[in-house]
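**Student:** Structure file my_file_16.cif (mmCIF, C-alpha atoms) is given on the next line.
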data_target
#
loop_
_atom_site.label_atom_id
_atom_site.label_comp_id
_atom_site.auth_asym_id
_atom_site.auth_seq_id
_atom_site.Cartn_x
_atom_site.Cartn_y
_atom_site.Cartn_z
CA MET D 9 4.29 12.52 11.49
CA VAL D 10 5.32 8.91 12.09
CA ALA D 11 6.61 8.76 8.53
CA ALA D 12 8.70 11.88 8.99
CA THR D 13 10.14 10.52 12.24
CA LEU D 14 10.88 7.27 10.49
CA ALA D 15 12.66 9.01 7.61
CA LEU D 16 14.84 10.89 10.08
CA ALA D 17 15.52 7.72 12.03
CA VAL D 18 16.89 5.82 9.01
CA PRO D 19 20.59 6.58 9.55
CA LEU D 20 20.35 5.82 13.28
CA ALA D 21 18.43 2.62 12.74
CA THR D 22 20.90 1.37 10.16
CA THR D 23 23.95 1.74 12.35
CA PRO D 24 25.03 -1.62 13.73
CA THR D 25 25.86 -2.03 17.37
CA PHE D 26 28.88 -4.32 17.02
CA ALA D 27 32.56 -3.29 16.84
CA PHE D 28 34.60 -3.62 13.64
CA ALA D 29 37.63 -5.24 15.21
CA ALA D 30 37.91 -9.02 15.48
CA GLY D 31 35.14 -10.18 17.78
CA PRO D 32 33.42 -13.46 18.56
CA LYS D 33 32.77 -15.69 15.57
CA VAL D 34 29.23 -15.51 14.15
CA THR D 35 27.91 -18.41 12.07
CA PRO D 36 24.76 -18.65 9.91
CA GLU D 37 23.25 -20.79 12.68
CA ASP D 38 23.77 -17.97 15.17
CA GLY D 39 22.21 -15.57 12.66
CA ALA D 40 19.20 -17.84 12.12
CA ARG D 41 18.64 -18.20 15.87
CA LYS D 42 18.79 -14.46 16.50
CA ARG D 43 16.58 -13.81 13.46
CA ALA D 44 13.93 -16.30 14.60
CA GLU D 45 13.70 -14.51 17.96
CA ALA D 46 13.13 -11.19 16.18
CA GLN D 47 10.59 -12.70 13.78
CA VAL D 48 8.40 -14.14 16.56
CA LEU D 49 7.54 -10.67 17.84
CA GLY D 50 7.66 -9.11 14.37
CA ARG D 51 5.00 -11.43 12.91
CA ASP D 52 2.53 -10.53 15.67
CA LEU D 53 3.31 -6.83 15.32
CA VAL D 54 2.80 -6.73 11.54
CA LYS D 55 -0.89 -7.52 11.89
CA ALA D 56 -1.51 -5.02 14.69
CA ASP D 57 0.84 -2.18 13.74
CA PRO D 58 2.99 -2.62 10.62
CA THR D 59 4.97 0.58 11.29
CA ALA D 60 5.96 -0.65 14.76
CA ALA D 61 6.86 -4.01 13.21
CA GLY D 62 9.07 -2.28 10.65
CA MET D 63 10.88 -0.34 13.39
CA HIS D 64 11.30 -3.51 15.43
CA TYR D 65 12.80 -5.37 12.45
CA ASP D 66 14.96 -2.32 11.70
CA SER D 67 16.56 -2.23 15.11
CA ARG D 68 17.10 -5.99 15.21
CA ALA D 69 18.48 -6.05 11.66
CA ALA D 70 21.00 -3.35 12.54
CA GLU D 71 22.43 -5.38 15.43
CA TRP D 72 24.27 -7.79 13.14
CA GLY D 73 23.51 -6.33 9.72
CA ASP D 74 21.02 -9.08 8.89
CA PRO D 75 19.71 -8.73 5.31
CA VAL D 76 16.72 -11.02 5.97
CA LEU D 77 15.50 -8.83 8.81
CA TYR D 78 15.98 -5.74 6.61
CA LEU D 79 13.75 -7.43 4.03
CA ASP D 80 11.20 -8.20 6.77
CA ALA D 81 11.35 -4.52 7.76
CA ALA D 82 10.77 -3.55 4.12
CA ASP D 83 7.71 -5.83 3.93
CA ALA D 84 6.33 -4.31 7.13
CA TYR D 85 6.81 -0.77 5.79
CA ILE D 86 5.08 -1.73 2.55
CA ALA D 87 2.14 -2.99 4.60
CA ALA D 88 2.18 0.29 6.55
CA ALA D 89 2.32 2.33 3.32
CA GLU D 90 -0.64 0.43 1.90
CA LYS D 91 -2.57 0.83 5.13
CA ASP D 92 -1.86 4.52 5.78
CA ARG D 93 -1.38 5.61 2.11
CA GLU D 94 1.95 7.26 3.00
CA VAL D 95 4.73 7.73 0.46
CA PRO D 96 7.55 7.99 3.09
CA MET D 97 6.65 4.50 4.30
CA ALA D 98 7.02 3.10 0.79
CA GLU D 99 10.34 4.96 0.45
CA ALA D 100 11.52 3.55 3.80
CA ALA D 101 10.65 0.07 2.51
CA MET D 102 12.63 0.70 -0.68
CA GLU D 103 15.67 1.85 1.31
CA ARG D 104 15.56 -1.20 3.62
CA ALA D 105 15.45 -3.53 0.61
CA ARG D 106 18.42 -1.66 -0.88
CA ILE D 107 20.36 -2.03 2.37
CA ALA D 108 19.59 -5.75 2.17
CA LEU D 109 21.01 -5.77 -1.36
CA ASP D 110 24.18 -4.00 -0.13
CA LEU D 111 24.59 -6.67 2.56
CA LEU D 112 23.82 -9.58 0.24
CA TYR D 113 26.26 -8.53 -2.47
CA PHE D 114 28.88 -7.81 0.18
CA ALA D 115 28.36 -11.34 1.56
CA LEU D 116 29.58 -12.62 -1.83
CA ASP D 117 32.60 -10.26 -1.79
CA PRO D 118 36.01 -11.68 -0.73
CA ALA D 119 36.39 -8.61 1.52
CA ALA D 120 33.58 -9.91 3.79
CA ASP D 121 34.72 -11.19 7.20
CA LYS D 122 34.72 -15.00 7.02
CA ASP D 123 34.19 -15.20 10.78
CA PHE D 124 31.08 -13.04 10.67
CA ARG D 125 28.43 -14.63 8.47
CA VAL D 126 24.79 -14.23 9.46
CA ILE D 127 23.44 -16.06 6.39
CA GLU D 128 24.47 -19.07 4.32
CA THR D 129 26.13 -18.08 1.05
CA SER D 130 23.86 -20.55 -0.78
CA ALA D 131 20.81 -18.51 0.33
CA VAL D 132 22.14 -15.26 -1.13
CA PRO D 133 20.86 -15.56 -4.75
CA ASP D 134 17.27 -16.18 -3.62
CA LEU D 135 17.47 -13.33 -1.16
CA ILE D 136 18.83 -10.99 -3.86
CA SER D 137 15.84 -11.92 -6.00
CA ARG D 138 13.48 -11.23 -3.08
CA ALA D 139 15.18 -7.90 -2.40
CA ASN D 140 14.91 -6.83 -6.05
CA ASP D 141 11.21 -7.73 -6.06
CA THR D 142 10.71 -5.74 -2.85
CA VAL D 143 12.49 -2.68 -4.29
CA ALA D 144 10.30 -2.84 -7.41
CA LYS D 145 7.12 -3.28 -5.38
CA ALA D 146 7.96 -0.41 -3.01
CA GLN D 147 8.90 1.84 -5.92
CA THR D 148 5.65 1.14 -7.75
CA LEU D 149 3.70 1.73 -4.56
CA ALA D 150 5.52 5.01 -3.82
CA GLU D 151 4.84 6.28 -7.36
CA SER D 152 1.22 5.21 -7.18
CA LEU D 153 0.73 6.90 -3.80
CA ALA D 154 2.48 10.06 -5.00
CA ARG D 155 0.12 10.25 -7.97
CA GLY D 156 -2.83 9.62 -5.68
CA ASP D 157 -3.82 6.61 -7.76
CA GLY D 158 -4.74 4.63 -4.69
CA GLU D 159 -7.44 7.01 -3.57
CA ALA D 160 -8.68 7.51 -7.10
CA GLU D 161 -8.72 3.75 -7.65
CA ALA D 162 -10.43 3.18 -4.32
CA SER D 163 -13.13 5.76 -5.04
CA ALA D 164 -13.54 4.44 -8.59
CA ASP D 165 -13.83 0.91 -7.24
CA ALA D 166 -16.39 2.06 -4.68
CA GLY D 167 -18.40 3.82 -7.38
CA GLU D 168 -18.25 0.81 -9.65
CA LYS D 169 -19.21 -1.49 -6.80
CA LYS D 170 -22.22 0.71 -6.07
CA LYS D 171 -23.17 0.53 -9.71
CA ARG D 172 -22.69 -3.22 -9.74
CA ASP D 173 -24.72 -3.61 -6.55
CA ARG D 174 -27.72 -1.80 -8.06
CA LYS D 175 -29.01 -4.28 -10.60
CA PRO D 176 -30.76 -2.56 -13.50
CA ILE D 177 -34.50 -3.01 -13.70
CA ASN D 178 -35.84 -5.10 -16.54
CA ALA D 179 -38.34 -2.49 -17.69
CA LYS D 180 -40.41 -4.71 -19.95
CA ALA D 181 -40.73 -7.47 -17.38
CA MET D 182 -41.65 -4.95 -14.72
CA PHE D 183 -44.35 -3.43 -16.94
CA ALA D 184 -45.72 -6.85 -17.92
CA SER D 185 -45.77 -8.02 -14.30
CA GLY D 186 -47.50 -4.80 -13.32
CA ALA D 187 -50.14 -5.36 -15.98
CA ALA D 188 -50.67 -8.94 -14.84
CA VAL D 189 -50.98 -7.90 -11.20
CA THR D 190 -53.41 -5.12 -12.19
CA GLY D 191 -55.45 -7.65 -14.17
CA LEU D 192 -55.51 -10.04 -11.24
CA GLY D 193 -56.45 -7.18 -8.95
CA GLY D 194 -59.30 -6.28 -11.31
CA ALA D 195 -60.58 -9.85 -11.22
CA VAL D 196 -60.44 -9.95 -7.40
CA LEU D 197 -62.21 -6.57 -7.32
CA GLY D 198 -64.89 -8.06 -9.59
CA LEU D 199 -65.26 -10.97 -7.17
CA GLY D 200 -65.60 -8.46 -4.36
CA ALA D 201 -68.27 -6.62 -6.33
CA VAL D 202 -70.14 -9.89 -6.86
CA GLY D 203 -69.90 -10.50 -3.13
CA LEU D 204 -71.26 -7.02 -2.53
CA ILE D 205 -74.22 -7.62 -4.84
CA LEU D 206 -74.95 -11.03 -3.32
CA GLY D 207 -74.74 -9.48 0.11
CA ALA D 208 -77.23 -6.79 -0.88
CA VAL D 209 -79.62 -9.39 -2.35
CA ASN D 210 -79.42 -11.54 0.76
CA GLN D 211 -79.89 -8.46 2.92
CA SER D 212 -83.11 -7.56 1.11
CA ARG D 213 -84.34 -11.19 1.37
CA ALA D 214 -83.51 -11.25 5.07
CA GLU D 215 -85.55 -8.10 5.56
CA ASP D 216 -88.58 -9.78 3.89
CA PRO D 217 -91.10 -10.65 6.71
CA THR D 218 -92.16 -13.83 4.88
CA VAL D 219 -88.66 -15.25 5.30
CA TYR D 220 -88.18 -16.72 8.71
CA GLY D 221 -87.03 -19.79 10.57
CA SER D 222 -84.51 -22.09 8.89
CA GLU D 223 -84.94 -20.19 5.59
CA TYR D 224 -83.91 -16.97 7.34
CA ASP D 225 -80.86 -18.70 8.83
CA GLN D 226 -79.80 -19.88 5.35
CA VAL D 227 -80.24 -16.37 3.90
CA ALA D 228 -78.27 -14.90 6.83
CA ALA D 229 -75.41 -17.40 6.32
CA LYS D 230 -75.32 -16.67 2.57
CA GLY D 231 -75.38 -12.95 3.28
CA GLU D 232 -72.45 -13.26 5.73
CA ARG D 233 -70.47 -15.31 3.18
CA ALA D 234 -71.22 -12.74 0.46
CA ASN D 235 -70.16 -9.91 2.79
CA LEU D 236 -66.89 -11.72 3.55
CA ILE D 237 -66.23 -12.23 -0.19
CA ALA D 238 -67.01 -8.57 -0.78
CA GLY D 239 -64.69 -7.38 2.01
CA VAL D 240 -61.77 -9.61 1.08
CA GLY D 241 -62.25 -9.13 -2.67
CA LEU D 242 -62.51 -5.37 -2.55
CA GLY D 243 -59.57 -5.01 -0.12
CA LEU D 244 -57.22 -7.48 -1.83
CA GLY D 245 -58.30 -6.45 -5.32
CA GLY D 246 -57.75 -2.78 -4.55
CA ALA D 247 -54.26 -3.48 -3.17
CA LEU D 248 -53.37 -5.60 -6.20
CA VAL D 249 -54.59 -2.94 -8.60
CA LEU D 250 -52.61 -0.23 -6.80
CA GLY D 251 -49.45 -2.41 -6.70
CA GLY D 252 -49.82 -3.40 -10.34
CA VAL D 253 -50.26 0.21 -11.46
CA ALA D 254 -47.16 1.20 -9.45
CA MET D 255 -45.14 -1.59 -11.12
CA MET D 256 -46.32 -0.47 -14.53
CA VAL D 257 -45.27 3.11 -13.80
CA ILE D 258 -41.81 1.96 -12.57
CA GLY D 259 -41.41 -0.19 -15.66
CA LYS D 260 -42.34 2.69 -17.92
CA VAL D 261 -39.90 5.09 -16.19
CA ALA D 262 -37.09 2.50 -16.32
CA ALA D 263 -37.74 1.94 -20.02
CA LYS D 264 -37.45 5.66 -20.66
CA LYS D 265 -34.15 5.83 -18.70
CA GLN D 266 -32.68 2.85 -20.53
CA LYS D 267 -33.56 4.38 -23.87
CA LYS D 268 -31.35 7.33 -22.96
CA GLN D 269 -28.31 5.06 -22.21
CA PRO D 270 -25.79 4.24 -24.97
CA PRO D 271 -26.65 1.03 -26.83
CA GLU D 272 -23.83 -1.07 -25.32
CA GLU D 273 -25.11 -0.40 -21.79
CA ARG D 274 -28.70 -1.28 -22.63
CA LYS D 275 -29.98 -4.61 -21.42
CA THR D 276 -31.98 -6.24 -24.18
CA VAL D 277 -33.91 -9.47 -24.44
CA ARG D 278 -34.70 -11.01 -27.81
CA ILE D 279 -37.25 -13.76 -28.35
CA ALA D 280 -36.96 -15.40 -31.73
CA PRO D 281 -38.16 -18.58 -33.36
CA ALA D 282 -35.62 -21.40 -33.44
CA LEU D 283 -35.46 -24.87 -34.93
CA ASN D 284 -36.74 -26.52 -31.76
CA GLY D 285 -39.15 -23.81 -30.67
CA VAL D 286 -38.26 -20.40 -29.26
CA SER D 287 -34.82 -19.01 -28.46
CA ILE D 288 -34.34 -16.31 -25.84
CA SER D 289 -31.17 -14.28 -26.19
CA GLY D 290 -29.95 -10.93 -25.00
CA ARG D 291 -27.47 -8.86 -23.02
CA PHE D 292 -27.80 -9.08 -19.26
CA MET Z 18 -1.40 59.99 -4.31
CA ALA Z 19 -0.34 57.82 -1.39
CA LEU Z 20 -2.63 55.01 -2.57
CA ARG Z 21 -1.16 55.15 -6.06
CA SER Z 22 2.41 54.92 -4.78
CA LYS Z 23 1.48 51.82 -2.72
CA LEU Z 24 -0.07 50.19 -5.77
CA VAL Z 25 3.07 50.81 -7.78
CA SER Z 26 5.56 49.80 -5.08
CA LEU Z 27 3.84 46.49 -4.11
CA PRO Z 28 4.23 44.75 -7.52
CA ALA Z 29 7.77 46.09 -7.77
CA ALA Z 30 8.68 44.61 -4.39
CA MET Z 31 7.09 41.29 -5.34
CA CYS Z 32 9.07 41.18 -8.60
CA ALA Z 33 12.29 41.97 -6.75
CA ALA Z 34 11.65 39.24 -4.18
CA LEU Z 35 10.89 36.69 -6.92
CA LEU Z 36 14.04 37.64 -8.80
CA ALA Z 37 16.17 37.36 -5.65
CA GLY Z 38 14.62 33.99 -4.86
CA ALA Z 39 15.26 32.69 -8.35
CA LEU Z 40 18.89 33.86 -8.22
CA ALA Z 41 19.43 32.23 -4.82
CA TRP Z 42 17.84 28.99 -6.05
CA THR Z 43 19.96 28.81 -9.18
CA ALA Z 44 23.14 29.74 -7.27
CA ALA Z 45 22.64 27.23 -4.43
CA PRO Z 46 23.35 23.96 -6.34
CA ALA Z 47 26.58 25.42 -7.70
CA ALA Z 48 27.72 26.33 -4.19
CA ASP Z 49 26.83 22.84 -2.88
CA ALA Z 50 28.63 21.18 -5.74
CA ALA Z 51 31.72 23.24 -5.03
CA ALA Z 52 31.58 22.30 -1.34
CA PHE Z 53 31.22 18.51 -1.82
CA ALA Z 54 33.04 17.87 -5.06
CA CYS Z 55 35.22 14.76 -4.90
CA ALA Z 56 37.35 14.36 -7.99
CA ASP Z 57 39.50 11.47 -6.73
CA PRO Z 58 39.62 8.59 -9.23
CA SER Z 59 38.81 6.16 -6.40
CA ASN Z 60 35.55 8.13 -5.75
CA LEU Z 61 36.51 8.65 -2.09
CA CYS Z 62 37.87 11.85 -0.56
CA VAL Z 63 39.04 12.43 2.99
CA ASP Z 64 37.61 15.82 3.92
CA ALA Z 65 38.87 16.05 7.50
CA GLY Z 66 40.55 14.08 10.29
CA GLY Z 67 44.02 13.55 8.81
CA ALA Z 68 43.35 9.98 7.73
CA LYS Z 69 45.30 8.39 4.90
CA TRP Z 70 43.41 6.73 2.04
CA GLU Z 71 44.98 4.06 -0.15
CA ALA Z 72 42.53 3.05 -2.87
CA GLY Z 73 42.36 -0.53 -4.06
CA LYS Z 74 44.60 -1.90 -1.28
CA SER Z 75 43.72 -4.28 1.53
CA ALA Z 76 45.08 -4.54 5.06
CA SER Z 77 47.66 -7.21 5.83
CA ALA Z 78 47.45 -9.69 8.71
CA LYS Z 79 50.00 -7.55 10.55
CA ASP Z 80 47.78 -4.46 10.05
CA LYS Z 81 44.81 -6.36 11.49
CA LYS Z 82 46.81 -7.21 14.63
CA LYS Z 83 47.93 -3.61 15.02
CA ARG Z 84 44.40 -2.18 15.00
CA SER Z 85 43.55 -0.66 18.35
CA GLU Z 86 40.17 -0.22 19.94
CA LYS Z 87 41.64 1.39 23.03
CA ALA Z 88 41.84 4.78 21.31
CA PRO Z 89 39.41 4.42 18.42
CA GLY Z 90 38.72 7.07 15.87
CA SER Z 91 35.42 7.88 14.27
CA VAL Z 92 34.25 8.07 10.68
CA SER Z 93 31.50 10.16 9.10
CA LEU Z 94 30.38 9.44 5.55
CA THR Z 95 28.47 11.40 2.94
CA ILE Z 96 27.65 10.04 -0.49
CA GLU Z 97 27.35 12.56 -3.26
CA GLY Z 98 24.81 11.86 -5.96
CA GLY Z 99 23.34 8.65 -4.60
CA ARG Z 100 23.25 6.18 -1.78
CA GLY Z 101 25.41 3.42 -0.39
CA SER Z 102 26.50 1.42 2.64
CA LEU Z 103 29.82 1.43 4.42
CA PHE Z 104 31.64 -1.79 5.31
CA VAL Z 105 34.60 -1.63 7.66
CA ASN Z 106 36.93 -4.59 8.17
CA GLY Z 107 34.55 -6.98 6.45
CA ARG Z 108 31.44 -5.97 8.41
CA TYR Z 109 28.49 -3.68 7.82
CA ALA Z 110 29.03 -0.26 9.43
CA GLY Z 111 25.87 1.51 8.28
CA THR Z 112 24.16 3.27 5.42
CA ALA Z 113 25.01 6.84 4.46
CA PRO Z 114 24.72 9.48 5.69
CA LEU Z 115 26.70 8.33 8.73
CA SER Z 116 28.20 10.37 11.49
CA ASN Z 117 30.86 9.44 14.05
CA ILE Z 118 30.92 5.67 13.65
CA ASP Z 119 33.59 4.25 15.94
CA VAL Z 120 36.41 2.49 14.09
CA PRO Z 121 39.68 1.12 15.44
CA SER Z 122 42.69 3.32 14.95
CA GLY Z 123 45.19 1.97 12.44
CA ARG Z 124 44.77 0.53 8.96
CA ASN Z 125 41.15 -0.45 8.24
CA ASP Z 126 39.70 -2.16 5.21
CA VAL Z 127 36.91 0.06 3.88
CA GLN Z 128 34.39 -0.59 1.17
CA VAL Z 129 31.44 1.56 0.11
CA ARG Z 130 28.86 -0.10 -2.11
CA ASP Z 131 25.43 0.43 -3.60
CA GLY Z 132 23.99 -3.01 -4.23
CA SER Z 133 26.27 -4.82 -6.66
CA THR Z 134 28.28 -1.68 -7.44
CA VAL Z 135 31.42 -1.07 -5.39
CA LEU Z 136 31.71 2.70 -5.17
CA SER Z 137 35.09 2.72 -3.45
CA GLN Z 138 37.43 0.25 -1.79
CA GLY Z 139 40.77 0.54 -0.04
CA VAL Z 140 42.62 0.98 3.22
CA LEU Z 141 41.84 3.91 5.49
CA THR Z 142 44.46 4.66 8.13
CA VAL Z 143 42.70 6.31 11.05
CA PRO Z 144 44.82 8.20 13.59
CA LYS Z 145 44.12 7.59 17.29
CA GLY Z 146 41.06 9.56 18.45
CA ALA Z 147 40.63 11.27 15.09
CA SER Z 148 37.26 12.24 13.61
CA VAL Z 149 37.47 11.42 9.94
CA SER Z 150 35.04 12.79 7.36
CA LEU Z 151 34.69 10.99 4.07
CA THR Z 152 32.85 11.94 0.91
CA VAL Z 153 32.15 9.34 -1.73
CA ASN Z 154 31.19 10.24 -5.25
CA HIS Z 155 28.38 8.05 -6.64
CA PRO Z 156 29.11 7.78 -10.35
#
I need this file expressed as structure tokens, please.

**Tutor:**
Amino acid sequence: MVAATLALAVPLATTPTFAFAAGPKVTPEDGARKRAEAQVLGRDLVKADPTAAGMHYDSRAAEWGDPVLYLDAADAYIAAAEKDREVPMAEAAMERARIALDLLYFALDPAADKDFRVIETSAVPDLISRANDTVAKAQTLAESLARGDGEAEASADAGEKKKRDRKPINAKAMFASGAAVTGLGGAVLGLGAVGLILGAVNQSRAEDPTVYGSEYDQVAAKGERANLIAGVGLGLGGALVLGGVAMMVIGKVAAKKQKKQPPEERKTVRIAPALNGVSISGRF
Amino acid sequence: MALRSKLVSLPAAMCAALLAGALAWTAAPAADAAAFACADPSNLCVDAGGAKWEAGKSASAKDKKKRSEKAPGSVSLTIEGGRGSLFVNGRYAGTAPLSNIDVPSGRNDVQVRDGSTVLSQGVLTVPKGASVSLTVNHP
């Protein structure tokens, strides 16, 4: 809607407000002063609302036919087109840059009023170059938006980013770690079992009526220690075994998935003998 | 029977509408071209307003003094086949399409350009209070 309004407003916005008969003399210094005033507000507006900035530059550019302000308007419309993904904004930018080119080439023409110069003639070649760049940029952007490349690129980028964010699992390492953790868990479970047996032995000794006094206290302390070892060992060992088995299963599933991928996408690790020992190479 | 006649008449009506649309579409550009054709070698044609166009000329110092803003005329501009900006008396007047831009009556220097290409240049004599319509052909 804003874009359509803008497109309709082009002829109105590009009509200058000065008369074409001899008027007060305008020098490049006057032009620079007036331009600086317009750019102060324009710079703040571009960040908040590039379309509003473009319209602001448009109206100020039309007052004296200032090519620099038309180029500023074009830049603002390009920013708006990139932000809102709107082709008319890119086309508006292209047209403003072309108006700037009309003004710049006319500034070099002998027919231009010598008493009405808003820019230095020496600045014209650089500004023509800037205007041509802006036209090319706006044109490329308009074509890209019309094709819908932006959205496609954005969604492709998002998809790729998601893929990049999810690091592939090293299946072999996962399986090996799982096996190690399971082994460790088994050992801790064994320790727990030993604690359980020792606890049972100490329990039976404590229940013996011939054991009493300081001997009973020693057996009770040993029994408590054995019970603690049994509790911690069985609990921790069980958890380690469960975790290790889960890691082994994940590793196995990941290995199966990676086998299905094409060879260039597969992450491989090679361990080979080298002159100074072992070399590890692969695709990560 | 009534159902059958509807089935037959509906596709026939659709075909007729499509044919009429196609004919109108193909005929429209020819009509537009006939309406806006400007065959003048200077690429500029005065369509209305009784203004006089002298291609390739420029106003003299005396002409500049004689220009009057007390009873200005107005200029409208259409560019056929492209775009361009209008410059009147050495200053930017606007970018086409333009309607009713005030210009002093008398002999005015006029240039229409698209970037580095001058589409048309000359002296346009605008009568007092006249509404002048110009068409420029973009080569």

**Student:** Taking the file above as input, evaluate the PyMOL selection byres ((chain Z and resi 148-155) around 9) and report the hits as a ChimeraX atom specification.

**Tutor:** /Z:53-57,59-68,90-101,116-117,129,131,136-137,143-144,146-147,156

**Student:** Of the candidates Z:Ser122, Z:Thr134, Z:Ser75, Z:Val127, which one gets nearest to Tyr109 in chain Z if we count all atoms listed in the file?

**Tutor:**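 Distance minimum relative to Tyr109 in chain Z lands on Z:Val127.
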
**Student:** Applying 7 Å and all atoms listed in the file, which residues near Ala108 in chain D remain after dropping the ones on its own chain fewer than 5 positions away? List them as a ChimeraX atom specification.

**Tutor:** /D:75,78-79,139

**Student:** Quick one, how far is CA of Ile258 in chain D from CA of Ala188 in chain D?

**Tutor:**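 Here the two named atoms are 14.2 Å from each other.
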
**Student:** Tell me, in Å to one decimal, how far CA of Met102 in chain D is from CA of Asp141 in chain D.

**Tutor:** 10.1 Å

**Student:** Please, what distance in Å, to one decimal, runs between CA of Asp225 in chain D and CA of Gly200 in chain D?

**Tutor:**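 Pair CA of Asp225 in chain D / CA of Gly200 in chain D returns 22.6 Å.
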
**Student:** Nearest to Met255 in chain D: which of D:Ala144, D:Ala187, D:Val95, D:Ala40 is it, counting all atoms listed in the file?

**Tutor:** D:Ala187

**Student:** Which residues fall under the PyMOL selection byres ((chain D and resi 210) around 8) in this file, as a PyMOL selection string?

**Tutor:** chain D and resi 206-209+211-214+227-228+230-231
